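Student: work_37.txt is reproduced in full below (compact mmCIF, C-alpha atoms).
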# COMPACT_ATOMS: atom_id res chain seq x y z
CA MET A 290 -120.60 69.57 -8.28
CA LEU A 291 -118.91 72.35 -10.26
CA ALA A 292 -121.78 74.74 -9.58
CA GLU A 293 -121.39 73.99 -5.86
CA ASN A 294 -117.67 74.75 -6.00
CA ARG A 295 -118.38 78.06 -7.72
CA ARG A 296 -120.78 79.02 -4.94
CA LEU A 297 -118.24 78.03 -2.28
CA LYS A 298 -115.66 80.22 -3.97
CA GLU A 299 -117.86 83.24 -3.28
CA LEU A 300 -117.34 82.79 0.48
CA PRO A 301 -113.68 83.98 0.52
CA ALA A 302 -114.75 86.69 -1.96
CA ALA A 303 -111.67 86.52 -4.16
CA GLY A 304 -113.07 89.38 -6.22
CA ALA A 305 -114.48 91.59 -3.50
CA ALA A 306 -113.93 95.20 -4.56
CA ASP A 307 -113.11 96.41 -1.03
CA THR A 308 -110.64 93.67 -0.07
CA PRO A 309 -107.04 93.95 -1.32
CA ARG A 310 -105.47 90.63 -2.32
CA PRO A 311 -101.74 89.82 -2.54
CA VAL A 312 -102.20 88.06 -5.90
CA SER A 313 -104.10 89.24 -8.98
CA VAL A 314 -104.75 86.75 -11.79
CA LEU A 315 -105.40 88.50 -15.10
CA ILE A 316 -107.16 86.66 -17.94
CA PRO A 317 -107.83 88.37 -21.27
CA THR A 318 -110.53 86.57 -23.26
CA TRP A 319 -112.32 86.78 -26.57
CA ASN A 320 -114.86 84.25 -27.85
CA GLY A 321 -113.59 81.35 -25.79
CA LYS A 322 -116.51 80.75 -23.44
CA ASP A 323 -116.15 77.01 -22.89
CA LEU A 324 -112.38 77.19 -22.54
CA LEU A 325 -112.69 80.09 -20.11
CA ARG A 326 -115.19 78.13 -18.04
CA SER A 327 -112.67 75.29 -17.63
CA CYS A 328 -109.93 77.78 -16.79
CA LEU A 329 -111.99 79.45 -14.08
CA ASP A 330 -113.12 76.11 -12.68
CA SER A 331 -109.45 75.22 -12.21
CA LEU A 332 -108.93 78.48 -10.31
CA ALA A 333 -111.90 77.67 -8.08
CA HIS A 334 -109.95 74.61 -6.91
CA GLN A 335 -106.68 76.36 -6.02
CA THR A 336 -105.17 75.46 -2.67
CA PHE A 337 -103.94 79.05 -2.23
CA PRO A 338 -107.06 81.04 -1.32
CA ASP A 339 -106.03 84.68 -1.18
CA PHE A 340 -106.27 85.97 -4.74
CA GLU A 341 -108.49 87.91 -7.08
CA VAL A 342 -109.35 87.03 -10.67
CA ILE A 343 -109.89 89.78 -13.24
CA VAL A 344 -111.17 88.84 -16.69
CA ALA A 345 -110.76 91.37 -19.49
CA GLU A 346 -113.71 90.54 -21.73
CA ASN A 347 -112.75 91.76 -25.23
CA GLY A 348 -116.25 92.19 -26.64
CA SER A 349 -116.98 88.49 -27.15
CA THR A 350 -120.06 87.51 -29.15
CA ASP A 351 -120.37 83.93 -27.89
CA GLY A 352 -122.16 84.60 -24.61
CA THR A 353 -119.03 84.90 -22.48
CA ALA A 354 -120.34 87.93 -20.58
CA ASP A 355 -123.58 86.16 -19.62
CA MET A 356 -121.69 83.04 -18.57
CA LEU A 357 -119.41 85.08 -16.30
CA ALA A 358 -122.34 86.87 -14.69
CA GLN A 359 -124.36 83.70 -14.13
CA GLU A 360 -121.68 81.20 -13.13
CA PHE A 361 -118.69 83.15 -11.78
CA ALA A 362 -119.92 85.97 -9.58
CA TRP A 363 -116.60 85.89 -7.67
CA VAL A 364 -114.68 86.97 -10.81
CA ARG A 365 -114.17 90.67 -11.48
CA VAL A 366 -114.92 91.53 -15.11
CA VAL A 367 -113.53 94.42 -17.13
CA ALA A 368 -115.88 94.73 -20.12
CA LEU A 369 -114.37 96.07 -23.34
CA GLU A 370 -116.52 97.07 -26.29
CA ARG A 371 -114.44 95.23 -28.88
CA ASN A 372 -111.43 92.96 -29.24
CA LEU A 373 -108.41 95.13 -28.48
CA GLY A 374 -105.89 92.28 -28.61
CA PHE A 375 -103.97 90.45 -25.92
CA ALA A 376 -101.72 93.27 -24.72
CA ARG A 377 -104.50 95.85 -24.35
CA GLY A 378 -106.73 93.28 -22.66
CA VAL A 379 -103.99 92.57 -20.12
CA TYR A 380 -103.52 96.29 -19.54
CA ALA A 381 -107.24 96.78 -18.91
CA ALA A 382 -107.20 94.03 -16.29
CA TYR A 383 -103.95 95.33 -14.78
CA ASP A 384 -105.47 98.77 -14.27
CA ALA A 385 -108.10 97.15 -12.05
CA ALA A 386 -105.69 94.84 -10.19
CA ARG A 387 -104.61 95.35 -6.58
CA GLY A 388 -102.15 92.50 -6.05
CA ASP A 389 -98.43 92.80 -5.47
CA LEU A 390 -97.94 89.67 -7.58
CA ILE A 391 -99.46 90.07 -11.06
CA VAL A 392 -100.21 86.69 -12.61
CA LEU A 393 -101.13 86.18 -16.27
CA LEU A 394 -103.16 83.24 -17.47
CA ASN A 395 -104.49 82.45 -20.93
CA ASN A 396 -108.18 81.66 -21.19
CA ASP A 397 -107.31 78.33 -22.88
CA THR A 398 -105.40 76.94 -19.89
CA GLU A 399 -106.22 74.88 -16.83
CA ALA A 400 -104.11 75.29 -13.71
CA ALA A 401 -103.10 72.46 -11.40
CA PRO A 402 -104.63 72.90 -7.90
CA THR A 403 -101.28 73.89 -6.34
CA TRP A 404 -100.28 76.26 -9.18
CA LEU A 405 -100.78 79.55 -7.33
CA ALA A 406 -99.47 78.17 -4.05
CA GLU A 407 -96.22 77.17 -5.78
CA LEU A 408 -95.85 80.57 -7.46
CA VAL A 409 -96.40 82.44 -4.20
CA ALA A 410 -94.00 80.15 -2.32
CA ALA A 411 -91.34 80.71 -4.98
CA ALA A 412 -91.81 84.48 -4.82
CA ASP A 413 -91.42 84.37 -1.04
CA ALA A 414 -88.36 82.10 -1.19
CA HIS A 415 -86.54 84.05 -3.92
CA PRO A 416 -86.80 87.79 -3.27
CA SER A 417 -84.23 88.55 -5.97
CA ALA A 418 -86.54 87.12 -8.67
CA ALA A 419 -88.70 89.72 -10.43
CA SER A 420 -90.72 87.37 -12.63
CA PHE A 421 -91.65 83.70 -12.62
CA ALA A 422 -92.06 81.17 -15.43
CA CYS A 423 -94.40 78.21 -15.02
CA LYS A 424 -94.11 74.71 -16.38
CA ILE A 425 -96.68 74.75 -19.19
CA LEU A 426 -97.74 71.32 -20.42
CA LEU A 427 -99.93 70.39 -23.37
CA HIS A 428 -103.53 69.90 -22.33
CA GLN A 429 -104.01 67.08 -24.81
CA ASP A 430 -100.75 65.32 -23.79
CA ARG A 431 -99.93 66.19 -20.21
CA ALA A 432 -96.58 64.42 -20.29
CA ARG A 433 -95.31 66.78 -23.00
CA LEU A 434 -94.17 70.38 -22.69
CA HIS A 435 -95.25 73.59 -24.30
CA SER A 436 -92.87 75.79 -22.32
CA ALA A 437 -90.39 75.53 -19.47
CA GLY A 438 -89.59 79.22 -19.72
CA ASP A 439 -88.64 81.35 -22.72
CA TYR A 440 -85.27 81.76 -24.38
CA TYR A 441 -83.98 84.12 -27.06
CA GLY A 442 -81.65 82.92 -29.76
CA LEU A 443 -78.63 84.87 -30.94
CA ASP A 444 -80.29 84.70 -34.37
CA GLY A 445 -83.02 87.04 -33.10
CA VAL A 446 -85.76 84.41 -32.81
CA PRO A 447 -87.44 83.64 -29.46
CA GLY A 448 -88.52 80.19 -28.41
CA ASN A 449 -90.16 78.09 -25.71
CA ARG A 450 -87.70 75.96 -23.77
CA GLY A 451 -88.58 72.28 -24.14
CA VAL A 452 -91.44 72.84 -26.57
CA TRP A 453 -93.06 69.55 -27.72
CA GLU A 454 -90.51 67.52 -25.70
CA PRO A 455 -91.49 64.91 -23.09
CA ASP A 456 -91.42 66.26 -19.56
CA GLY A 457 -88.63 64.87 -17.43
CA PRO A 458 -85.72 65.57 -15.07
CA ALA A 459 -84.17 68.12 -17.44
CA PHE A 460 -87.23 70.34 -16.94
CA SER A 461 -87.72 69.71 -13.21
CA GLU A 462 -84.92 71.96 -11.93
CA ARG A 463 -85.74 75.37 -10.51
CA GLY A 464 -83.42 78.07 -11.82
CA TRP A 465 -82.90 81.21 -13.89
CA VAL A 466 -84.21 81.52 -17.46
CA PHE A 467 -84.33 84.37 -19.97
CA GLY A 468 -88.04 85.00 -19.51
CA ALA A 469 -91.54 83.72 -18.87
CA GLN A 470 -94.09 82.56 -21.42
CA GLY A 471 -97.08 84.90 -21.20
CA ALA A 472 -99.65 82.08 -21.26
CA ALA A 473 -98.95 81.47 -17.55
CA CYS A 474 -96.48 83.55 -15.58
CA ALA A 475 -96.11 86.06 -12.77
CA TYR A 476 -94.48 89.46 -12.35
CA ARG A 477 -93.84 91.49 -9.24
CA ARG A 478 -95.77 94.73 -9.40
CA SER A 479 -92.58 96.59 -8.45
CA LEU A 480 -90.96 95.38 -11.70
CA LEU A 481 -93.86 96.56 -13.84
CA GLU A 482 -93.99 99.92 -12.12
CA GLU A 483 -90.33 100.48 -12.93
CA ILE A 484 -90.00 99.20 -16.50
CA GLY A 485 -93.62 99.27 -17.70
CA PHE A 486 -95.85 96.41 -18.78
CA PHE A 487 -96.49 95.20 -22.33
CA ASP A 488 -95.71 97.36 -25.35
CA LEU A 489 -99.15 98.04 -26.79
CA ASP A 490 -97.70 98.56 -30.27
CA LEU A 491 -96.96 94.83 -30.42
CA VAL A 492 -100.70 94.02 -30.00
CA SER A 493 -100.25 90.23 -29.64
CA TYR A 494 -97.36 87.76 -29.68
CA CYS A 495 -93.83 88.57 -28.44
CA GLU A 496 -95.06 91.21 -25.99
CA ASP A 497 -93.82 88.87 -23.23
CA VAL A 498 -90.44 88.53 -24.99
CA ASP A 499 -90.09 92.31 -25.20
CA LEU A 500 -90.88 92.60 -21.48
CA SER A 501 -88.29 89.91 -20.70
CA TRP A 502 -85.67 91.84 -22.66
CA ARG A 503 -86.41 95.08 -20.84
CA ALA A 504 -86.27 93.32 -17.46
CA ASN A 505 -82.99 91.58 -18.26
CA LEU A 506 -81.39 94.78 -19.49
CA ARG A 507 -82.22 96.38 -16.12
CA GLY A 508 -80.65 93.45 -14.26
CA TYR A 509 -83.89 91.74 -13.21
CA ARG A 510 -84.14 87.97 -13.38
CA CYS A 511 -86.81 85.39 -14.15
CA LEU A 512 -87.13 82.24 -12.04
CA TYR A 513 -88.42 79.03 -13.62
CA VAL A 514 -90.77 77.29 -11.16
CA PRO A 515 -91.39 73.74 -12.44
CA GLU A 516 -93.72 72.96 -9.54
CA ALA A 517 -96.20 75.56 -10.85
CA ARG A 518 -97.95 73.53 -13.55
CA VAL A 519 -100.48 74.69 -16.13
CA PHE A 520 -102.07 72.75 -19.01
CA HIS A 521 -102.47 74.63 -22.27
CA HIS A 522 -104.78 74.13 -25.24
CA VAL A 523 -102.13 75.55 -27.58
CA SER A 524 -103.52 78.24 -29.94
CA ALA A 525 -107.10 77.27 -29.15
CA THR A 526 -108.15 80.93 -29.27
CA GLY A 527 -105.38 82.23 -31.52
CA GLY A 528 -102.74 80.82 -33.83
CA GLY A 529 -103.05 80.36 -37.57
CA ALA A 530 -102.67 83.34 -39.85
CA LEU A 531 -103.05 85.80 -36.97
CA ALA A 532 -100.09 84.33 -35.11
CA SER A 533 -98.04 84.11 -38.30
CA TYR A 534 -98.63 87.79 -39.07
CA TYR A 535 -97.77 89.10 -35.63
CA CYS A 536 -94.77 86.80 -35.20
CA GLY A 537 -93.47 87.89 -38.61
CA ARG A 538 -93.90 91.52 -37.61
CA ASN A 539 -92.86 91.37 -33.98
CA PHE A 540 -89.73 89.24 -34.39
CA ILE A 541 -88.35 92.21 -36.31
CA ALA A 542 -89.77 94.79 -33.90
CA VAL A 543 -88.27 93.14 -30.81
CA ALA A 544 -84.88 92.63 -32.47
CA VAL A 545 -84.69 96.29 -33.47
CA LYS A 546 -85.93 97.60 -30.15
CA ASP A 547 -84.27 95.34 -27.61
CA ILE A 548 -81.10 93.60 -28.81
CA PRO A 549 -78.11 95.56 -27.45
CA GLY A 550 -75.66 97.06 -29.91
CA ILE A 551 -72.81 94.77 -28.88
CA PHE A 552 -74.96 91.72 -29.71
CA TRP A 553 -75.93 93.24 -33.07
CA ARG A 554 -72.29 93.81 -33.96
CA ARG A 555 -71.40 90.22 -33.11
CA HIS A 556 -74.44 88.44 -34.56
CA TRP A 557 -76.05 90.66 -37.22
CA ARG A 558 -75.30 88.14 -39.97
CA ARG A 559 -77.15 85.39 -38.08
CA ILE A 560 -80.08 87.70 -37.34
CA VAL A 561 -80.45 88.87 -40.95
CA TRP A 562 -79.95 85.37 -42.33
CA GLN A 563 -82.65 83.98 -40.05
CA GLN A 564 -85.13 86.57 -41.29
CA LEU A 565 -84.26 85.70 -44.89
CA THR A 566 -84.73 82.02 -44.07
CA ILE A 567 -88.19 82.75 -42.67
CA THR A 568 -89.01 84.67 -45.85
CA LEU A 569 -87.82 81.85 -48.11
CA GLU A 570 -89.78 79.24 -46.15
CA ALA A 571 -92.92 81.35 -46.44
CA LEU A 572 -92.39 81.83 -50.19
CA ARG A 573 -92.11 78.08 -50.65
CA SER A 574 -95.53 77.72 -48.99
CA ILE A 575 -97.03 80.85 -50.55
CA ARG A 576 -100.37 79.17 -51.28
CA GLY A 577 -100.97 78.77 -47.58
CA GLU A 578 -102.78 81.49 -45.66
CA ALA A 579 -100.31 81.38 -42.76
CA ALA A 580 -97.32 81.75 -45.10
CA ARG A 581 -98.84 84.80 -46.78
CA ALA A 582 -99.62 86.26 -43.37
CA ARG A 583 -96.01 85.73 -42.28
CA LEU A 584 -94.77 87.66 -45.33
CA ARG A 585 -97.22 90.49 -44.66
CA GLY A 586 -96.00 90.55 -41.08
CA GLN A 587 -92.37 90.82 -42.14
CA LEU A 588 -93.21 93.72 -44.44
CA ALA A 589 -95.07 95.42 -41.59
CA GLY A 590 -92.07 94.80 -39.34
CA LEU A 591 -89.74 96.46 -41.82
CA ALA A 592 -92.13 99.41 -42.15
CA GLN A 593 -92.14 100.03 -38.41
CA ILE A 594 -88.35 99.97 -37.98
CA PRO A 595 -88.15 103.80 -37.67
CA HIS A 596 -90.75 103.72 -34.88
CA MET A 597 -88.94 100.90 -33.08
CA LEU A 598 -85.62 102.72 -33.41
CA ARG A 599 -87.16 105.63 -31.50
CA LYS A 600 -88.31 103.22 -28.79
CA ARG A 601 -84.88 101.61 -28.83
CA ARG A 602 -83.28 104.82 -27.56
CA ALA A 603 -85.33 104.65 -24.39
CA VAL A 604 -84.69 100.93 -23.82
CA GLN A 605 -80.94 100.97 -24.51
CA GLY A 606 -80.52 104.22 -22.63
CA HIS A 607 -81.53 102.51 -19.39
CA VAL A 608 -79.32 99.40 -19.57
CA THR A 609 -77.78 98.68 -16.16
CA ALA A 610 -77.19 94.92 -16.46
CA ASP A 611 -74.00 92.97 -17.06
CA LEU A 612 -74.58 92.06 -20.72
CA ALA A 613 -72.36 88.99 -20.43
CA GLN A 614 -74.78 87.68 -17.80
CA VAL A 615 -77.72 88.50 -20.05
CA GLU A 616 -76.11 86.52 -22.87
CA ARG A 617 -75.65 83.52 -20.58
CA LEU A 618 -79.39 83.56 -19.91
CA MET A 619 -80.44 83.64 -23.56
CA GLY A 620 -80.20 79.95 -24.44
CA PRO A 621 -82.69 77.07 -23.95
CA TRP A 622 -81.26 76.11 -20.57
CA VAL A 623 -81.67 76.98 -16.92
CA LEU A 624 -78.92 78.56 -14.80
CA PRO A 625 -78.64 77.05 -11.31
CA LEU A 626 -79.79 78.90 -8.24
CA ASP A 627 -76.24 79.18 -6.85
CA LYS A 628 -75.95 82.10 -9.28
CA GLU A 629 -78.78 83.92 -7.50
CA ARG A 630 -77.95 87.49 -6.57
CA HIS A 631 -79.07 88.82 -3.21
Kindly return the structure encoded in the file as structure tokens.

Tutor:
Amino acid sequence: MLAENRRLKELPAAGAADTPRPVSVLIPTWNGKDLLRSCLDSLAHQTFPDFEVIVAENGSTDGTADMLAQEFAWVRVVALERNLGFARGVYAAYDAARGDLIVLLNNDTEAAPTWLAELVAAADAHPSAASFACKILLHQDRARLHSAGDYYGLDGVPGNRGVWEPDGPAFSERGWVFGAQGAACAYRRSLLEEIGFFDLDLVSYCEDVDLSWRANLRGYRCLYVPEARVFHHVSATGGGALASYYCGRNFIAVAVKDIPGIFWRRHWRRIVWQQLTITLEALRSIRGEAARARLRGQLAGLAQIPHMLRKRRAVQGHVTADLAQVERLMGPWVLPLDKERH
């Protein structure tokens, strides 16, 4: 049955090189063949038909390339010689994309059949929204959340709204949030052309948070679309020491680069104290690989402060937003649509 669906998907030619599509779905992948197969099968069942799928294949050694060629001829593949990380994989796929709506999807997700249709409908209904956050649920417990949009604490630590909580009415309201979780989200191409896409220096983890900061500081807003549901095998192809290292490093990088000066002056004690707390927690678990990786990441983050300060000049030099409005968006809540700006 699945093989039949894959053949049927070839008829609308979602990946035809000579046919522009309004939506481009970008999937970076590395050594996640079976998870990617499930992800692409879910895309083959989307009720919205007019999209292309571009997989950035980061030099996998598990047979991913052969599987794509044999089972998913309708998918466009950008073959990379080695694993360049999440951000560079996304960029490689983006360079090949033709859609006006750029949609990111992790290879360890499965999308509900109406996922793309809901995202496109939301983009059409809310022209003032520049990006779109999905409702991301745990694959292993589909009544529990992984993210209902991103927030950013005044202590300099980002988070997923509703993470690990049961889904319910509090997470079923469409509205404005600080940003979108990069595992499943959408950006208007016009936004990316103006402010740029992911910061390649971040490599993996928090690159979506950095993009959300840059968008907010330019006055662009992110709409949470709870009807657009995706199920996530959390950290199935990442996590562990790798995530600990890059989070330790990039929490510092994003804080230095993106937090406006007025927020630093008000909250620097909370930001510094939170970093010290992270350090102390890692030291208490120093025998663990993830704890040691977190400490290495923090040291790397401190070492790259001069580089991030140079990038900061460009980011803060283009602030056009009302910073009071940005601050209202930073918490783990959703602002109602009556605050939409037209």

Student: Which residue gives the smallest distance to A:Tyr441 among A:Gln335, A:Ser327, A:Gln470, A:Ser574, with all atoms listed in the file counted?

Tutor: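 Nearest to A:Tyr441: A:Gln470.
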
Student: Counting only C-alpha atoms, which residue out of A:Arg507, A:Arg450, A:His521, A:Arg554 sits closest to A:Val608?

Tutor: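 Checking each of A:Arg507, A:Arg450, A:His521, A:Arg554 against A:Val608, counting only C-alpha atoms, the winner is A:Arg507.
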
Student: Give me, as a tab-separated table, the closest atom pair and its distance (Å, one decimal) for every residue of stretch 503-582 of chain A within a cut-off of 12 Å of stretch 474-483 of chain A, counting all atoms listed in the file, rows sorted by chain and rising number.

Tutor:
residue	atom	partner	partner_atom	distance
A:Arg503	CA	A:Leu480	CA	10.2
A:Ala504	CA	A:Leu480	CA	7.7
A:Asn505	CA	A:Leu480	CA	11.0
A:Arg507	CA	A:Glu483	CA	9.6
A:Gly508	CA	A:Leu480	CA	10.8
A:Tyr509	CA	A:Leu480	CA	8.1
A:Arg510	CA	A:Leu480	CA	10.2
A:Cys511	CA	A:Tyr476	CA	8.9
A:Leu512	CA	A:Ala475	CA	9.8
A:Tyr513	CA	A:Cys474	CA	9.4
A:Val514	CA	A:Cys474	CA	9.6
A:Pro515	CA	A:Cys474	CA	11.5
A:Ala517	CA	A:Cys474	CA	9.3
A:Arg518	CA	A:Cys474	CA	10.3
A:Val519	CA	A:Cys474	CA	9.7

Student: If you measure from atom CA of A:Pro317 to atom CA of A:Asp389, what distance in Å do you get, rounded to one decimal?

Tutor: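 Result for atom CA of A:Pro317 versus atom CA of A:Asp389: 18.9 Å, one decimal.
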
Student: Could you give me, as a compact mmCIF listing (two decimals) with C-alpha atoms, keeping the file's coordinate frame, the residues within 8 Å of A:Tyr440, counting all atoms listed in the file and dropping anything in the same chain fewer than 6 positions from it?

Tutor:
# COMPACT_ATOMS: atom_id res chain seq x y z
CA PRO A 447 -87.44 83.64 -29.46
CA GLY A 448 -88.52 80.19 -28.41
CA ASN A 449 -90.16 78.09 -25.71
CA ARG A 450 -87.70 75.96 -23.77
CA VAL A 466 -84.21 81.52 -17.46
CA PHE A 467 -84.33 84.37 -19.97
CA GLY A 468 -88.04 85.00 -19.51
CA LEU A 618 -79.39 83.56 -19.91
CA MET A 619 -80.44 83.64 -23.56
CA GLY A 620 -80.20 79.95 -24.44
CA PRO A 621 -82.69 77.07 -23.95
CA TRP A 622 -81.26 76.11 -20.57

Student: To one decimal place, how far is atom CA of A:Leu626 from atom CA of A:Glu462 in Å?

Tutor: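 If I compute the distance from atom CA of A:Leu626 to atom CA of A:Glu462, I get 9.4 Å.
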
Student: Could you pull the residues within 10 Å of A:Asn396, counting all atoms listed in the file, minus those fewer than 2 positions along the same chain, as number ranges by chain?

Tutor: A: 315-329, 344, 393-394, 398-399, 472-473, 521-522, 525-526

Student: Quick one: residues within 12 Å of A:Tyr380, all atoms listed in the file counted, chain neighbours fewer than 2 positions away excluded, as a PyMOL selection string?

Tutor: chain A and resi 315-317+343-347+367+369+373-378+382-386+391+393+481+485-489+492+496

Student: For those residues, write C-alpha atoms to a file as a PDB file, in the coordinates of the input.

Tutor:
ATOM      1  CA  LEU A 315    -105.400  88.500 -15.100  1.00  0.00           C
ATOM      2  CA  ILE A 316    -107.160  86.660 -17.940  1.00  0.00           C
ATOM      3  CA  PRO A 317    -107.830  88.370 -21.270  1.00  0.00           C
ATOM      4  CA  ILE A 343    -109.890  89.780 -13.240  1.00  0.00           C
ATOM      5  CA  VAL A 344    -111.170  88.840 -16.690  1.00  0.00           C
ATOM      6  CA  ALA A 345    -110.760  91.370 -19.490  1.00  0.00           C
ATOM      7  CA  GLU A 346    -113.710  90.540 -21.730  1.00  0.00           C
ATOM      8  CA  ASN A 347    -112.750  91.760 -25.230  1.00  0.00           C
ATOM      9  CA  VAL A 367    -113.530  94.420 -17.130  1.00  0.00           C
ATOM     10  CA  LEU A 369    -114.370  96.070 -23.340  1.00  0.00           C
ATOM     11  CA  LEU A 373    -108.410  95.130 -28.480  1.00  0.00           C
ATOM     12  CA  GLY A 374    -105.890  92.280 -28.610  1.00  0.00           C
ATOM     13  CA  PHE A 375    -103.970  90.450 -25.920  1.00  0.00           C
ATOM     14  CA  ALA A 376    -101.720  93.270 -24.720  1.00  0.00           C
ATOM     15  CA  ARG A 377    -104.500  95.850 -24.350  1.00  0.00           C
ATOM     16  CA  GLY A 378    -106.730  93.280 -22.660  1.00  0.00           C
ATOM     17  CA  ALA A 382    -107.200  94.030 -16.290  1.00  0.00           C
ATOM     18  CA  TYR A 383    -103.950  95.330 -14.780  1.00  0.00           C
ATOM     19  CA  ASP A 384    -105.470  98.770 -14.270  1.00  0.00           C
ATOM     20  CA  ALA A 385    -108.100  97.150 -12.050  1.00  0.00           C
ATOM     21  CA  ALA A 386    -105.690  94.840 -10.190  1.00  0.00           C
ATOM     22  CA  ILE A 391     -99.460  90.070 -11.060  1.00  0.00           C
ATOM     23  CA  LEU A 393    -101.130  86.180 -16.270  1.00  0.00           C
ATOM     24  CA  LEU A 481     -93.860  96.560 -13.840  1.00  0.00           C
ATOM     25  CA  GLY A 485     -93.620  99.270 -17.700  1.00  0.00           C
ATOM     26  CA  PHE A 486     -95.850  96.410 -18.780  1.00  0.00           C
ATOM     27  CA  PHE A 487     -96.490  95.200 -22.330  1.00  0.00           C
ATOM     28  CA  ASP A 488     -95.710  97.360 -25.350  1.00  0.00           C
ATOM     29  CA  LEU A 489     -99.150  98.040 -26.790  1.00  0.00           C
ATOM     30  CA  VAL A 492    -100.700  94.020 -30.000  1.00  0.00           C
ATOM     31  CA  GLU A 496     -95.060  91.210 -25.990  1.00  0.00           C
TER      32      GLU A 496
END

Student: Work out how far apart atom CA of A:Pro625 and atom CA of A:His415 are and give it in Å to one decimal.

Tutor: 12.9 Å

Student: Using only C-alpha atoms for the distances, tell me which of A:Gln564, A:Gln593, A:Asn539, A:Ser461 is nearest to A:Asp499.

Tutor: A:Asn539

Student: Which residue, A:Trp502, A:Trp404, A:Trp553, A:Phe520, has the smallest gap to A:Val604 when you use all atoms listed in the file?

Tutor: A:Trp502

Student: Would you compute the box with edges along x, y and z of the file around stretch 581-595 of chain A, including every atom the file lists for it and 4 Å extra on each side, and give its centre and edge lengths in Å to one decimal, as JSON?

Tutor:
{"center_x": -93.9, "center_y": 94.3, "center_z": -42.2, "size_x": 19.5, "size_y": 27.0, "size_z": 17.1}

Student: Counting only C-alpha atoms, which residue out of A:Thr403, A:Ser533, A:Asn372, A:Gln614 sits closest to A:Ala579?

Tutor: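 So, comparing all the options, the nearest one is A:Ser533.
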
Student: Using only C-alpha atoms, which of A:Ile548, A:Ala610, A:Ala571, A:Ala419 sits nearest A:Gln587?

Tutor: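 Ranked by minimum distance to A:Gln587, first place goes to A:Ala571.
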
Student: When you get a chance, write out all heavy atoms for stretch 325-329 of chain A, as an mmCIF file, keeping the file's coordinate frame.

Tutor:
data_model
loop_
_atom_site.group_PDB
_atom_site.id
_atom_site.type_symbol
_atom_site.label_atom_id
_atom_site.label_comp_id
_atom_site.auth_asym_id
_atom_site.auth_seq_id
_atom_site.Cartn_x
_atom_site.Cartn_y
_atom_site.Cartn_z
ATOM 1 N N LEU A 325 -112.775 79.226 -21.277
ATOM 2 C CA LEU A 325 -112.690 80.090 -20.110
ATOM 3 C C LEU A 325 -113.375 79.453 -18.907
ATOM 4 O O LEU A 325 -112.886 79.549 -17.773
ATOM 5 C CB LEU A 325 -113.305 81.450 -20.414
ATOM 6 C CG LEU A 325 -113.313 82.465 -19.271
ATOM 7 C CD1 LEU A 325 -111.901 82.801 -18.824
ATOM 8 C CD2 LEU A 325 -114.062 83.729 -19.683
ATOM 9 N N ARG A 326 -114.494 78.807 -19.131
ATOM 10 C CA ARG A 326 -115.190 78.130 -18.040
ATOM 11 C C ARG A 326 -114.273 77.099 -17.378
ATOM 12 O O ARG A 326 -114.169 77.037 -16.145
ATOM 13 C CB ARG A 326 -116.457 77.459 -18.548
ATOM 14 C CG ARG A 326 -117.202 76.688 -17.458
ATOM 15 C CD ARG A 326 -118.409 75.939 -17.995
ATOM 16 N NE ARG A 326 -119.519 76.835 -18.293
ATOM 17 C CZ ARG A 326 -120.015 77.040 -19.500
ATOM 18 N NH1 ARG A 326 -119.479 76.431 -20.558
ATOM 19 N NH2 ARG A 326 -121.044 77.856 -19.671
ATOM 20 N N SER A 327 -113.586 76.295 -18.182
ATOM 21 C CA SER A 327 -112.670 75.290 -17.630
ATOM 22 C C SER A 327 -111.510 75.949 -16.885
ATOM 23 O O SER A 327 -111.078 75.473 -15.828
ATOM 24 C CB SER A 327 -112.132 74.400 -18.752
ATOM 25 O OG SER A 327 -113.168 73.649 -19.348
ATOM 26 N N CYS A 328 -111.017 77.049 -17.436
ATOM 27 C CA CYS A 328 -109.930 77.780 -16.790
ATOM 28 C C CYS A 328 -110.363 78.277 -15.417
ATOM 29 O O CYS A 328 -109.658 78.081 -14.408
ATOM 30 C CB CYS A 328 -109.506 78.945 -17.683
ATOM 31 S SG CYS A 328 -108.206 80.001 -16.987
ATOM 32 N N LEU A 329 -111.526 78.902 -15.346
ATOM 33 C CA LEU A 329 -111.990 79.450 -14.080
ATOM 34 C C LEU A 329 -112.355 78.349 -13.086
ATOM 35 O O LEU A 329 -112.162 78.505 -11.869
ATOM 36 C CB LEU A 329 -113.190 80.368 -14.316
ATOM 37 C CG LEU A 329 -112.871 81.644 -15.104
ATOM 38 C CD1 LEU A 329 -114.145 82.425 -15.417
ATOM 39 C CD2 LEU A 329 -111.881 82.528 -14.350
#
